Each structure stands twice: as structure tokens, then as C-alpha cells.
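*Asks:* Sharing entry.csv below, CSV, C-alpha atoms:
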chain,number,residue,atom,x,y,z
M,1,ASP,CA,18.7,16.6,-28.5
M,2,TRP,CA,15.4,18.4,-28.9
M,3,SER,CA,12.9,18.5,-31.8
M,4,SER,CA,9.3,19.6,-32.2
M,5,ASP,CA,6.8,19.8,-35.1
M,6,VAL,CA,3.5,21.5,-35.3
M,7,CYS,CA,1.6,20.9,-38.5
M,8,SER,CA,-1.7,20.5,-40.2
M,9,SER,CA,-2.0,18.8,-43.5
M,10,ASP,CA,-4.6,21.3,-44.7
M,11,LEU,CA,-5.5,24.0,-42.3
M,12,TYR,CA,-8.5,24.9,-44.5
M,13,SER,CA,-10.1,22.8,-47.2
M,14,LEU,CA,-12.7,24.1,-49.7
M,15,ASP,CA,-14.3,20.6,-49.8
M,16,GLN,CA,-15.8,18.7,-47.0
M,17,ASN,CA,-15.0,15.0,-47.3
M,18,PRO,CA,-17.9,12.8,-46.2
M,19,ALA,CA,-15.6,9.7,-46.3
M,20,PHE,CA,-14.1,10.7,-42.9
M,21,PRO,CA,-16.1,10.0,-39.7
M,22,ASN,CA,-17.4,12.8,-37.6
M,23,GLY,CA,-14.9,13.9,-35.0
M,24,SER,CA,-11.9,12.6,-36.9
M,25,GLY,CA,-10.5,16.1,-37.5
M,26,LEU,CA,-10.8,15.6,-41.3
M,27,ASP,CA,-14.6,15.7,-41.6
M,28,GLY,CA,-15.0,19.5,-42.1
M,29,ASN,CA,-13.4,22.4,-43.8
M,30,ILE,CA,-10.9,23.1,-40.9
M,31,SER,CA,-8.5,20.3,-39.9
M,32,ASN,CA,-7.2,19.7,-36.4
M,33,LEU,CA,-3.8,21.0,-35.3
M,34,VAL,CA,-1.3,18.3,-34.6
M,35,GLY,CA,2.1,18.3,-33.2
M,36,LYS,CA,5.0,16.3,-31.7
M,37,ALA,CA,7.9,17.1,-29.4
M,38,THR,CA,10.7,14.8,-28.6
M,39,LEU,CA,13.5,15.1,-26.1
M,40,SER,CA,16.6,12.9,-25.9
M,41,PRO,CA,19.3,14.5,-23.7
M,42,HIS,CA,21.1,11.2,-23.3
M,43,PRO,CA,21.0,7.9,-25.2
M,44,TRP,CA,19.4,6.4,-22.1
M,45,VAL,CA,16.7,9.0,-21.8
M,46,GLN,CA,14.0,9.6,-24.4
M,47,ALA,CA,10.7,11.5,-24.0
M,48,SER,CA,7.9,12.4,-26.4
M,49,TYR,CA,4.6,14.2,-26.5
M,50,GLN,CA,2.1,14.1,-29.4
M,51,PHE,CA,-1.1,16.0,-29.5
M,52,GLN,CA,-4.2,16.9,-31.6
M,53,ILE,CA,-6.2,20.0,-30.9
M,54,ASP,CA,-9.7,20.4,-32.3
M,55,ALA,CA,-9.4,23.6,-34.4
M,56,ARG,CA,-13.1,24.5,-34.3
M,57,GLN,CA,-13.7,24.2,-30.5
M,58,GLY,CA,-10.1,24.5,-29.2
M,59,PHE,CA,-10.0,21.4,-26.9
M,60,LEU,CA,-7.3,18.8,-26.7
M,61,SER,CA,-8.7,16.0,-28.7
M,62,ARG,CA,-6.0,13.4,-28.1
M,63,SER,CA,-2.5,13.2,-26.7
M,64,VAL,CA,0.2,10.6,-26.1
M,65,ALA,CA,3.0,11.3,-23.6
M,66,GLY,CA,5.8,8.8,-23.0
M,67,ALA,CA,9.3,8.2,-21.8
M,68,ARG,CA,11.9,5.5,-22.0
M,69,LEU,CA,14.7,5.2,-19.5
M,70,GLY,CA,17.8,3.0,-19.4
M,71,PRO,CA,20.3,1.3,-21.7
M,72,SER,CA,19.4,-1.6,-24.0
M,73,SER,CA,20.5,-4.1,-21.3
M,74,PHE,CA,17.7,-2.9,-19.0
M,75,ASN,CA,15.1,-0.2,-19.7
M,76,LEU,CA,11.7,0.9,-18.6
M,77,SER,CA,9.0,2.7,-20.6
M,78,ALA,CA,5.7,4.3,-19.9
M,79,TYR,CA,3.1,6.0,-22.1
M,80,HIS,CA,-0.1,7.7,-21.4
M,81,LEU,CA,-2.9,8.0,-24.0
M,82,PHE,CA,-5.7,10.4,-23.6
M,83,ILE,CA,-8.7,10.7,-26.1
M,84,ASP,CA,-11.4,13.2,-25.4
M,85,GLN,CA,-14.9,11.8,-26.1
M,86,ARG,CA,-15.9,15.0,-27.8
M,87,GLY,CA,-13.5,14.2,-30.6
M,88,GLN,CA,-14.6,10.5,-30.9
M,89,PRO,CA,-18.4,10.4,-30.6
M,90,ASP,CA,-18.3,6.5,-30.6
M,91,LEU,CA,-16.6,6.6,-27.2
M,92,PRO,CA,-19.0,6.5,-24.2
M,93,ASN,CA,-16.4,8.5,-22.0
M,94,ASP,CA,-13.0,10.1,-22.3
M,95,LEU,CA,-10.3,7.4,-22.7
M,96,SER,CA,-7.3,7.5,-20.5
M,97,GLN,CA,-4.8,4.6,-20.6
M,98,LEU,CA,-1.3,3.9,-19.2
M,99,ALA,CA,1.0,1.4,-20.9
M,100,VAL,CA,4.2,0.3,-19.0
M,101,ALA,CA,6.9,-2.1,-20.1
M,102,ALA,CA,10.3,-3.3,-18.8
M,103,SER,CA,12.9,-5.1,-20.8
M,104,ALA,CA,16.1,-6.8,-19.6
M,105,ARG,CA,18.9,-8.5,-21.4
M,106,LEU,CA,19.8,-11.6,-19.4
M,107,THR,CA,22.7,-12.8,-21.5
M,108,GLU,CA,24.0,-12.0,-25.0
M,109,ASN,CA,21.3,-14.2,-26.5
M,110,TRP,CA,18.5,-14.1,-24.0
M,111,ARG,CA,16.2,-11.2,-23.0
M,112,VAL,CA,12.8,-10.9,-21.2
M,113,GLN,CA,10.1,-8.3,-21.5
M,114,GLY,CA,7.0,-7.6,-19.4
M,115,ARG,CA,4.2,-5.2,-20.3
M,116,ALA,CA,0.8,-4.0,-19.0
M,117,LEU,CA,-2.0,-1.7,-20.3
M,118,ALA,CA,-4.5,-0.2,-17.9
M,119,ASN,CA,-7.4,2.2,-17.9
M,120,VAL,CA,-6.8,5.0,-15.4
M,121,GLY,CA,-9.3,7.4,-14.0
M,122,ALA,CA,-13.0,6.6,-13.4
M,123,SER,CA,-13.1,3.1,-14.9
M,124,SER,CA,-9.6,2.0,-13.8
M,125,GLY,CA,-8.3,-1.6,-14.2
M,126,LEU,CA,-5.8,-3.8,-16.0
M,127,LEU,CA,-6.8,-4.4,-19.6
M,128,LEU,CA,-3.8,-6.4,-20.9
M,129,GLY,CA,-0.7,-7.9,-19.4
M,130,GLY,CA,2.0,-10.2,-20.5
M,131,ALA,CA,5.6,-11.3,-20.7
M,132,THR,CA,7.9,-12.6,-23.4
M,133,LEU,CA,11.1,-14.6,-23.2
M,134,TYR,CA,13.3,-14.2,-26.3
M,135,TYR,CA,16.3,-16.1,-27.7
M,136,GLU,CA,18.2,-14.2,-30.4
M,137,ASP,CA,21.3,-14.9,-32.4
M,138,GLU,CA,22.5,-13.9,-35.9
M,139,CYS,CA,20.1,-16.4,-37.6
M,140,ILE,CA,16.9,-16.6,-35.6
M,141,VAL,CA,14.7,-15.0,-33.0
M,142,VAL,CA,12.5,-17.2,-30.9
M,143,GLY,CA,9.9,-15.7,-28.6
M,144,LEU,CA,7.7,-17.5,-26.0
M,145,ASP,CA,4.9,-15.1,-25.1
M,146,MET,CA,2.1,-15.3,-22.5
M,147,SER,CA,-0.6,-12.6,-22.6
M,148,ARG,CA,-3.7,-12.1,-20.5
M,149,ARG,CA,-6.5,-10.0,-22.0
M,150,ASN,CA,-9.1,-8.7,-19.5
M,151,LEU,CA,-11.1,-6.9,-22.1
M,152,SER,CA,-14.2,-8.7,-23.1
M,153,ASP,CA,-17.4,-8.3,-25.2
M,154,ARG,CA,-19.9,-10.5,-26.8
M,155,ASP,CA,-17.6,-11.7,-29.6
M,156,ASN,CA,-14.2,-11.6,-27.7
M,157,PRO,CA,-14.2,-13.0,-24.2
M,158,GLN,CA,-11.3,-12.6,-21.8
M,159,ASP,CA,-8.5,-15.0,-22.5
M,160,THR,CA,-4.9,-16.1,-21.8
M,161,THR,CA,-2.8,-16.8,-24.8
M,162,ILE,CA,0.6,-18.5,-25.1
M,163,SER,CA,2.4,-18.0,-28.4
M,164,LEU,CA,5.6,-19.3,-29.8
M,165,ARG,CA,7.2,-17.1,-32.5
M,166,LEU,CA,10.1,-18.3,-34.7
M,167,SER,CA,11.6,-15.6,-36.9
M,168,PHE,CA,14.4,-16.4,-39.4
M,169,ARG,CA,16.4,-13.2,-39.9
M,170,ASN,CA,15.9,-12.0,-43.5
M,171,LEU,CA,13.5,-14.8,-44.3
M,172,GLY,CA,10.3,-14.4,-42.4
M,173,GLN,CA,8.5,-15.8,-39.4
M,174,LEU,CA,6.2,-18.6,-38.1
M,175,VAL,CA,3.7,-18.0,-35.3
M,176,THR,CA,1.6,-20.6,-33.5
M,177,ASN,CA,-0.8,-20.1,-30.6
M,178,LEU,CA,-0.7,-22.8,-28.1
M,179,PRO,CA,-4.0,-24.0,-26.6
M,180,GLN,CA,-5.9,-21.3,-24.7
M,181,PHE,CA,-7.0,-21.6,-21.1
Just give me the structure of the file as C-alpha cells.

*Replies:*
Amino acid sequence: DWSSDVCSSDLYSLDQNPAFPNGSGLDGNISNLVGKATLSPHPWVQASYQFQIDARQGFLSRSVAGARLGPSSFNLSAYHLFIDQRGQPDLPNDLSQLAVAASARLTENWRVQGRALANVGASSGLLLGGATLYYEDECIVVGLDMSRRNLSDRDNPQDTTISLRLSFRNLGQLVTNLPQF
């Protein structure tokens, strides 16, 4: 199965809208060109690519490429995000990140998932990592999650969080964060 779309909501607009930030692709008369392509030759293989091209200067402003491999009992996924600093003036550099995840069904009711997000390129390093153990049946979903955030700034220091999530199917969910360390 193959599909692709290339579109732009308004290729040319008579009005400039000051409500959109510079570099957003919506801040001038000409909008950016956006598109998406997906490929799924088998139920266990899925790939996608999304892009945004700056229509005025012709550079690739952002892109997301990803793939998911495997059946629901065990699968791996990886996604690469690229954002060109020229399209996002608030960024100090180009942004290039890789997200990977693995999910395995242990039994009919139990599954586990691990995930990581890292900067790649000049300032490489692990940004986020974590794992979740799930119990699911026809009435509830319970998830015990441990996440480590290596990002930090003045207001948000690095931390490790353990969360317990209880979801009642068709009713809602309760989430509590256990003490941080």
C-alpha cells in the first residue's frame, strides 16, 4: 500500500497575518509546501515521511521520517526529526533528534514498552528514556511507568519520574506521580 500527499493550504495569500510567528511558514504571503508519503507493503512494515519546504528560499524546513516493524506481539519503531534553524529563528542550531521504541506483548494481558529520545549530530546525547509495564483486560488498563528526563533548564531540572496510570475503559483515567528521586 502506498500513498502520498503534497499540499499547501494557501499557496498565495493576499493578506499577511501578523498572528503567526516569523519562520512558521504562515507569516507571509506565500505558504510553505508540505507533504507526506506513507508505505505499508505488509501489515508488519510501515514507513512514513513528512516534510515542509520553505517556498520563498527553497530549503527543507522540517522533516520527519519513520518506520515501524513487526507484529503487535513485538515491534520496533524509529523516527528521525529534523528542523532547520532558518525556519525556526528561536532555535540556536538545527535540531536533529532520533526517537526509538520497542514494545513486546508478554502474555494476553501484559505488555512492556521501552523508549528513548536522543539528539544526534553535533550536540548528541540522550534526552529522554523510559519504560512502561502494562496490564490490560476488557475493563481496565494499568500502566507503571518510569521515565528519566536529561533535559534541564532553570525552571525544569533533570528528573526521574515513576507514574501509575489506571484507565477504566469507556470511563476515564486516574494518574498519580509517585515521589521523584

*Asks:* For atom CA of Arg148 of chain M and atom CA of Ser167 of chain M, quote the distance in Å rounded to one decimal.

*Replies:* 22.7 Å

*Asks:* Can you work out which one of M:Ser73, M:Asn119, M:Ser31, M:Ser40 has the shortest atom-to-atom distance to Ala55 of chain M, counting all atoms listed in the file?

*Replies:*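 Among the listed residues, M:Ser31 lies closest to Ala55 of chain M.
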
*Asks:* Please provide the set of residues having any atom within 12 Å of Leu151 of chain M, restricted to only C-alpha atoms, with same-chain residues fewer than 4 positions apart removed, written as number ranges by chain.

*Replies:* M: 117-119, 125-129, 147, 155-160

*Asks:* Counting all atoms listed in the file, I want the residues whose atoms come within 10 Å of (12.5, 1.3, -21.6) in the file frame, returned as a list in words.

*Replies:*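 The residues that fall inside the cut-off are Trp44, Val45, Gln46, Ala67, Arg68, Leu69, Gly70, Pro71, Ser72, Ser73, Phe74, Asn75, Leu76, Ser77, Ala78, Val100, Ala101, Ala102, Ser103, Ala104 and Gln113 of chain M.
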
*Asks:* Do a neighbour search on Arg169 of chain M at 8 Å with all atoms listed in the file, toss out local chain neighbours closer than 5 positions, and write the hits as a list in words.

*Replies:*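 Residues meeting the cut-off are Glu138, Cys139, Ile140 and Val141 of chain M.
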
*Asks:* For Arg86 of chain M, which residue among M:Ala99, M:Leu39, M:Trp110, M:Arg56 is the nearest when counting only C-alpha atoms?

*Replies:*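 That would be M:Arg56, the residue with the smallest distance to Arg86 of chain M.
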
*Asks:* So which residues are close to (0.8, 10.1, -28.7), meaning at most 7 Å away in the file's coordinates with all atoms listed in the file counted, and can you show them as a PyMOL selection string?

*Replies:* chain M and resi 49-51+63-65+81

*Asks:* Just the number, please: distance in Å from atom CA of Ile30 of chain M to atom CA of Asp90 of chain M, one decimal.

*Replies:*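 One can read the atom CA of Ile30 of chain M to atom CA of Asp90 of chain M distance as 20.9 Å.
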
*Asks:* Figure out the distance between atom CA of Leu98 of chain M and atom CA of Val120 of chain M, please, to one decimal in Å.

*Replies:*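 Distance reported for this atom pair: 6.8 Å.
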
*Asks:* Measuring between all atoms listed in the file, which one of M:Val34, M:Gly143, M:Asp137, M:Phe82 shows the shortest distance to Asn109 of chain M?

*Replies:*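 Among the listed residues, the smallest separation from Asn109 of chain M belongs to M:Asp137.
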
*Asks:* Go through M:Ser96, M:Asn150, M:Thr38, M:Ser163 and flag the residue nearest Ile83 of chain M, using all atoms listed in the file for the distances.

*Replies:*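 Smallest separation from Ile83 of chain M among the options: M:Ser96.
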